[in-house]
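As stored in target.txt (compact mmCIF, C-alpha atoms and all ligand atoms):
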```
# COMPACT_ATOMS: atom_id res chain seq x y z
CA MET I 1477 -68.87 96.11 288.74
CA GLN I 1478 -70.03 93.19 286.59
CA ASP I 1479 -70.85 93.78 282.96
CA GLN I 1480 -70.52 97.53 282.84
CA ARG I 1481 -69.84 99.08 279.47
CA ALA I 1482 -67.99 102.27 278.63
CA GLU I 1483 -70.18 105.36 278.18
CA LEU I 1484 -68.71 107.77 275.68
CA GLU I 1485 -68.96 111.25 274.24
CA TRP I 1486 -66.85 112.30 271.29
CA ARG I 1487 -64.68 115.38 271.06
CA GLU I 1488 -64.56 116.80 267.53
CA ASP I 1489 -66.24 113.51 266.59
CA ARG I 1490 -62.78 111.95 266.85
CA VAL I 1491 -61.52 111.51 270.41
CA PRO I 1492 -63.59 109.34 272.79
CA VAL I 1493 -64.17 110.83 276.22
CA SER I 1494 -65.42 108.74 279.15
CA VAL I 1495 -68.65 110.12 280.62
CA ARG I 1496 -68.06 108.15 283.84
CA PHE I 1497 -64.56 109.56 284.37
CA ASP I 1498 -64.87 112.83 282.41
CA ASP I 1499 -61.51 112.23 280.74
CA PRO I 1500 -60.33 111.43 277.17
CA TYR I 1501 -58.99 107.97 276.30
CA PHE I 1502 -55.90 109.39 274.66
CA SER I 1503 -54.14 112.67 273.97
CA LEU I 1504 -56.25 115.20 272.10
CA GLU I 1505 -53.09 116.14 270.22
CA ASP I 1506 -51.69 112.84 268.98
CA GLY I 1507 -52.56 109.64 270.82
CA LEU I 1508 -50.19 107.45 268.84
CA ALA I 1509 -47.17 109.70 269.40
CA GLU I 1510 -48.03 109.87 273.09
CA THR I 1511 -48.17 106.07 273.35
CA ARG I 1512 -44.81 105.77 271.64
CA HIS I 1513 -43.21 108.32 273.92
CA VAL I 1514 -44.73 107.27 277.23
CA PHE I 1515 -45.20 103.53 277.02
CA LEU I 1516 -42.81 102.27 274.33
CA ALA I 1517 -39.83 104.54 275.01
CA GLY I 1518 -40.73 104.73 278.72
CA ASN I 1519 -40.25 100.95 278.96
CA ASP I 1520 -37.33 100.91 276.49
CA LEU I 1521 -39.33 98.30 274.63
CA THR I 1522 -37.73 98.02 271.23
CA ALA I 1523 -34.32 97.21 272.70
CA ARG I 1524 -35.81 94.59 275.05
CA PHE I 1525 -38.12 92.62 272.76
CA VAL I 1526 -37.49 88.86 272.76
CA ASP I 1527 -39.76 85.94 271.88
CA GLY I 1528 -42.55 85.76 274.47
CA PHE I 1529 -42.00 89.30 275.75
CA HIS I 1530 -44.99 90.08 277.98
CA ILE I 1531 -46.56 93.51 278.26
CA ALA I 1532 -49.38 94.07 280.74
CA GLU I 1533 -51.62 97.10 280.90
CA LEU I 1534 -54.09 98.72 283.28
CA GLY I 1535 -56.92 100.05 281.05
CA PHE I 1536 -57.41 98.52 277.58
CA GLY I 1537 -59.75 101.28 276.37
CA THR I 1538 -59.65 101.58 272.57
CA GLY I 1539 -56.76 99.13 272.16
CA LEU I 1540 -54.52 101.87 270.77
CA ASN I 1541 -51.64 101.06 273.13
CA PHE I 1542 -51.83 97.39 272.20
CA LEU I 1543 -51.82 98.18 268.48
CA THR I 1544 -48.91 100.59 268.85
CA ALA I 1545 -46.88 98.01 270.78
CA TRP I 1546 -47.77 95.31 268.25
CA ALA I 1547 -46.70 97.57 265.36
CA ALA I 1548 -43.39 98.20 267.15
CA TRP I 1549 -42.97 94.45 267.67
CA ARG I 1550 -43.44 93.85 263.94
CA ALA I 1551 -41.10 96.69 263.04
CA ALA I 1552 -38.43 95.23 265.36
CA GLY I 1553 -38.58 91.97 263.37
CA VAL I 1554 -38.08 89.77 266.44
CA PRO I 1555 -39.08 86.18 265.73
CA GLY I 1556 -41.76 84.63 267.94
CA ARG I 1557 -44.78 86.06 269.72
CA LEU I 1558 -45.63 89.14 271.70
CA GLN I 1559 -47.81 88.56 274.77
CA PHE I 1560 -50.10 91.43 275.76
CA THR I 1561 -52.48 91.24 278.72
CA SER I 1562 -54.77 94.15 279.56
CA PHE I 1563 -57.15 94.71 282.49
CA GLU I 1564 -60.39 96.56 281.70
CA ALA I 1565 -63.46 97.21 283.85
CA PHE I 1566 -65.63 99.03 281.31
CA PRO I 1567 -65.11 97.51 277.85
CA MET I 1568 -65.94 99.59 274.80
CA ASP I 1569 -68.25 98.35 272.09
CA VAL I 1570 -66.27 97.20 269.10
CA SER I 1571 -67.98 99.79 266.84
CA GLU I 1572 -66.78 102.57 269.16
CA MET I 1573 -63.30 101.10 269.16
CA GLU I 1574 -63.35 101.08 265.38
CA LYS I 1575 -64.41 104.72 265.24
CA ALA I 1576 -61.69 105.79 267.71
CA LEU I 1577 -58.97 103.83 265.91
CA ALA I 1578 -59.92 105.27 262.51
CA ALA I 1579 -57.93 108.37 263.53
CA PHE I 1580 -54.68 106.37 263.30
CA PRO I 1581 -53.98 105.24 259.73
CA GLU I 1582 -50.50 104.05 260.75
CA VAL I 1583 -52.04 101.14 262.65
CA ALA I 1584 -55.05 100.65 260.35
CA GLU I 1585 -54.08 97.15 259.23
CA LEU I 1586 -53.56 95.88 262.78
CA ALA I 1587 -56.72 97.68 263.94
CA GLY I 1588 -58.59 95.77 261.24
CA HIS I 1589 -57.38 92.48 262.76
CA LEU I 1590 -58.39 93.59 266.27
CA ILE I 1591 -61.84 94.69 265.14
CA ALA I 1592 -62.34 91.50 263.12
CA ALA I 1593 -61.50 89.55 266.29
CA GLY I 1594 -64.25 91.40 268.18
CA GLY I 1595 -62.01 93.92 269.96
CA GLY I 1596 -60.82 91.63 272.75
CA SER I 1597 -58.81 88.50 273.53
CA ALA I 1598 -57.43 86.82 270.42
CA GLU I 1599 -54.54 84.79 269.03
CA PHE I 1600 -53.05 86.72 266.13
CA MET I 1601 -50.28 85.48 263.88
CA ASP I 1602 -47.47 86.91 265.99
CA ALA I 1603 -49.24 88.24 269.09
CA THR I 1604 -51.51 86.94 271.82
CA LEU I 1605 -53.93 89.47 273.28
CA THR I 1606 -55.69 88.70 276.56
CA VAL I 1607 -58.20 91.21 277.88
CA ILE I 1608 -59.24 90.46 281.46
CA GLU I 1609 -62.57 92.08 282.21
CA GLY I 1610 -63.51 93.40 285.64
CA ASP I 1611 -62.11 95.77 288.23
CA ALA I 1612 -58.32 95.50 288.14
CA ARG I 1613 -58.24 95.76 291.93
CA GLU I 1614 -59.77 92.29 291.97
CA THR I 1615 -58.65 90.72 288.72
CA LEU I 1616 -54.94 91.57 288.95
CA ALA I 1617 -54.60 89.93 292.37
CA ALA I 1618 -56.02 86.74 290.86
CA TRP I 1619 -53.80 86.81 287.74
CA ASP I 1620 -51.10 84.13 287.58
CA GLY I 1621 -48.91 85.91 285.02
CA LYS I 1622 -45.89 88.19 285.27
CA ALA I 1623 -45.08 91.01 282.87
CA ASP I 1624 -41.76 92.24 281.56
CA ALA I 1625 -43.22 95.72 281.11
CA TRP I 1626 -46.33 97.52 282.37
CA PHE I 1627 -48.37 100.27 280.76
CA LEU I 1628 -50.11 102.09 283.63
CA ASP I 1629 -52.86 103.87 281.72
CA GLY I 1630 -55.83 104.62 283.93
CA PHE I 1631 -57.64 107.90 283.47
CA SER I 1632 -56.03 110.82 285.28
CA PRO I 1633 -55.18 109.93 288.90
CA ALA I 1634 -57.44 112.73 290.15
CA LYS I 1635 -60.44 111.30 288.30
CA ASN I 1636 -59.73 107.56 288.48
CA PRO I 1637 -57.77 107.17 291.78
CA GLU I 1638 -58.86 103.53 292.18
CA LEU I 1639 -56.54 102.52 289.32
CA TRP I 1640 -53.48 104.14 290.91
CA GLY I 1641 -53.62 103.18 294.59
CA ALA I 1642 -50.66 101.82 296.57
CA ASP I 1643 -52.31 98.40 296.96
CA LEU I 1644 -52.72 98.07 293.21
CA MET I 1645 -49.11 99.22 292.59
CA ALA I 1646 -48.02 96.47 295.01
CA GLU I 1647 -49.95 93.97 292.87
CA VAL I 1648 -48.29 95.39 289.75
CA ALA I 1649 -44.88 94.77 291.37
CA ARG I 1650 -45.92 91.26 292.41
CA HIS I 1651 -46.79 90.60 288.76
CA THR I 1652 -43.54 91.92 287.29
CA VAL I 1653 -40.40 89.90 286.47
CA PRO I 1654 -37.16 90.87 288.27
CA ALA I 1655 -35.78 94.08 286.69
CA GLY I 1656 -39.07 94.48 284.80
CA THR I 1657 -40.39 97.98 284.17
CA ALA I 1658 -43.47 100.16 284.31
CA ALA I 1659 -44.22 103.48 282.66
CA THR I 1660 -47.01 106.01 282.92
CA TYR I 1661 -47.83 109.45 281.57
CA THR I 1662 -48.44 110.84 285.07
CA ALA I 1663 -45.92 112.10 287.58
CA ALA I 1664 -48.46 112.43 290.40
CA GLY I 1665 -46.70 112.18 293.76
CA PHE I 1666 -48.95 109.50 295.25
CA VAL I 1667 -48.47 107.28 292.20
CA ARG I 1668 -44.68 107.62 292.38
CA ARG I 1669 -44.71 106.90 296.11
CA GLY I 1670 -46.95 103.85 295.60
CA LEU I 1671 -44.54 102.46 293.02
CA GLU I 1672 -41.55 103.12 295.29
CA GLU I 1673 -43.21 101.44 298.25
CA ALA I 1674 -43.91 98.48 295.98
CA GLY I 1675 -40.18 98.08 295.27
CA PHE I 1676 -39.69 100.01 292.04
CA ALA I 1677 -36.87 102.50 291.50
CA VAL I 1678 -38.78 105.48 290.12
CA THR I 1679 -37.57 108.32 287.92
CA ARG I 1680 -39.29 111.37 286.53
CA VAL I 1681 -38.51 112.02 282.86
CA PRO I 1682 -39.85 114.52 280.29
CA GLY I 1683 -43.49 113.91 279.42
CA PHE I 1684 -45.32 114.06 276.12
CA GLY I 1685 -46.49 117.35 274.60
CA ARG I 1686 -47.57 119.81 277.23
CA LYS I 1687 -47.01 117.39 280.11
CA ARG I 1688 -43.79 118.36 281.81
CA HIS I 1689 -43.04 115.00 283.42
CA MET I 1690 -43.93 111.32 283.24
CA THR I 1691 -42.78 108.34 285.31
CA ARG I 1692 -40.52 105.36 284.59
CA ALA I 1693 -40.05 102.59 287.10
CA VAL I 1694 -37.70 99.61 287.29
CA LEU I 1695 -38.29 96.77 289.73
CA GLY I 1696 -35.34 96.54 292.12
C1 LIG Q 1701 -57.03 106.25 279.62
S1 LIG Q 1701 -58.10 104.88 279.34
C2 LIG Q 1701 -57.02 103.66 278.62
C3 LIG Q 1701 -56.67 103.91 277.19
C4 LIG Q 1701 -56.14 102.69 276.50
N1 LIG Q 1701 -54.91 102.19 277.06
C5 LIG Q 1701 -56.08 102.85 275.00
O1 LIG Q 1701 -55.05 102.43 274.41
O2 LIG Q 1701 -57.04 103.34 274.43
C6 LIG Q 1701 -58.32 104.20 280.98
C7 LIG Q 1701 -59.03 102.86 281.00
O3 LIG Q 1701 -59.05 102.35 282.33
C8 LIG Q 1701 -60.28 101.68 282.54
N2 LIG Q 1701 -60.54 101.58 283.98
C9 LIG Q 1701 -60.91 102.54 284.85
N3 LIG Q 1701 -61.03 102.06 286.11
C10 LIG Q 1701 -60.72 100.74 286.05
C11 LIG Q 1701 -60.63 99.69 287.01
N4 LIG Q 1701 -60.92 99.89 288.31
N5 LIG Q 1701 -60.25 98.45 286.58
C12 LIG Q 1701 -59.95 98.22 285.27
N6 LIG Q 1701 -60.01 99.18 284.32
C13 LIG Q 1701 -60.39 100.43 284.68
C14 LIG Q 1701 -61.27 102.58 281.81
O4 LIG Q 1701 -62.49 101.92 281.52
C15 LIG Q 1701 -60.49 102.94 280.54
O5 LIG Q 1701 -60.70 102.05 279.49
```

Re-express the file's structure as structure tokens.
Amino acid sequence: MQDQRAELEWREDRVPVSVRFDDPYFSLEDGLAETRHVFLAGNDLTARFVDGFHIAELGFGTGLNFLTAWAAWRAAGVPGRLQFTSFEAFPMDVSEMEKALAAFPEVAELAGHLIAAGGGSAEFMDATLTVIEGDARETLAAWDGKADAWFLDGFSPAKNPELWGADLMAEVARHTVPAGTAATYTAAGFVRRGLEEAGFAVTRVPGFGRKRHMTRAVLG
């Protein structure tokens, strides 16, 4: 899986769709609102932010989730730095990232910083972004960090099952602080069971848009 790039098609010349996984990178309706609902509210982030707060993510994609979390961090006005680590097997070219992010004027300024930094790991004024390239099933096991909150954002579990397996959920738990959290847009049974087996207390809550349910998890 070394050095593989994302292969994209564009829906309405606006939403990137993975050719490899046949799935869009974010909601066709409103990707930013979905990120806020699923990942920010799902992890109760704004109330929990403290200096050094560490978010980790499976699937960096366009960087939209990072930018949305970073914007929320700035809006919260917490002094210090946000840490954000994301695992990505098929990085996007920075020009494709730029095109995808152009749909979200609310994060345009931060997107400009990310693009200027080449679309990957960088030290920003108030945030550290680390993008770990490679298959998360290998790279997460080797990671020496622990996250306060996880964004589980693989493509749909039916199309990208390797990013949702029980072994990987066990690694997510192993890389989570006590009482840390995880959130995902899916409520697929095997994902919930994997999280439970890994030691998370799992709840099903209302999803975004047309999705009836999503999942929140708190490490016991
Ligand atoms: C739904 S997209 C993520 C969207 C992203 N969070 C954003 O803000 O744009 C899923 C991502 O998971 C990545 N992915 C799929 N399988 C993977 C694997 N085995 N290891 C690491 N990343 C993987 C894909 O390349 C894709 O970027």

Item to check | Atomic distance atom CA of I:Gly1696 - atom CA of I:Glu1510, expressed in Å with one decimal | outcome: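 These two atoms are separated by 26.5 Å.
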
Item to check | Contacts of ligand LIG 1701 (chain Q), 8 Å or closer, only C-alpha atoms and all ligand atoms, given as an MDAnalysis selection string | outcome: chainID I and resid 1482 1494 1497 1499:1502 1511 1533:1543 1563:1568 1609:1613 1627 1629:1632 1636 1638:1639

Next on the checklist: Just to confirm, what's the straight-line distance from atom CA of I:Met1690 to atom CA of I:Asp1527 in Å (one decimal)?
Outcome noted: 28.1 Å

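Picture a line from atom CA of I:Ala1587 to atom CA of I:Arg1686; it runs 27.4 Å.
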
Checklist entry - Do you know which residues are at most 8 Å from stretch 1673-1684 of chain I counting only C-alpha atoms, after dropping those on the same chain fewer than 6 positions away, and could you put them as a ChimeraX atom specification? => result /I:1510,1513-1514,1642,1645-1646,1649,1661,1663,1690-1696

Checklist entry - Pick the closest to I:Trp1626 from I:Leu1504, I:Ala1593, I:Ala1655, I:Ala1548: which is it, counting only C-alpha atoms? => result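 Checking each of I:Leu1504, I:Ala1593, I:Ala1655, I:Ala1548 against I:Trp1626, counting only C-alpha atoms, the winner is I:Ala1655.
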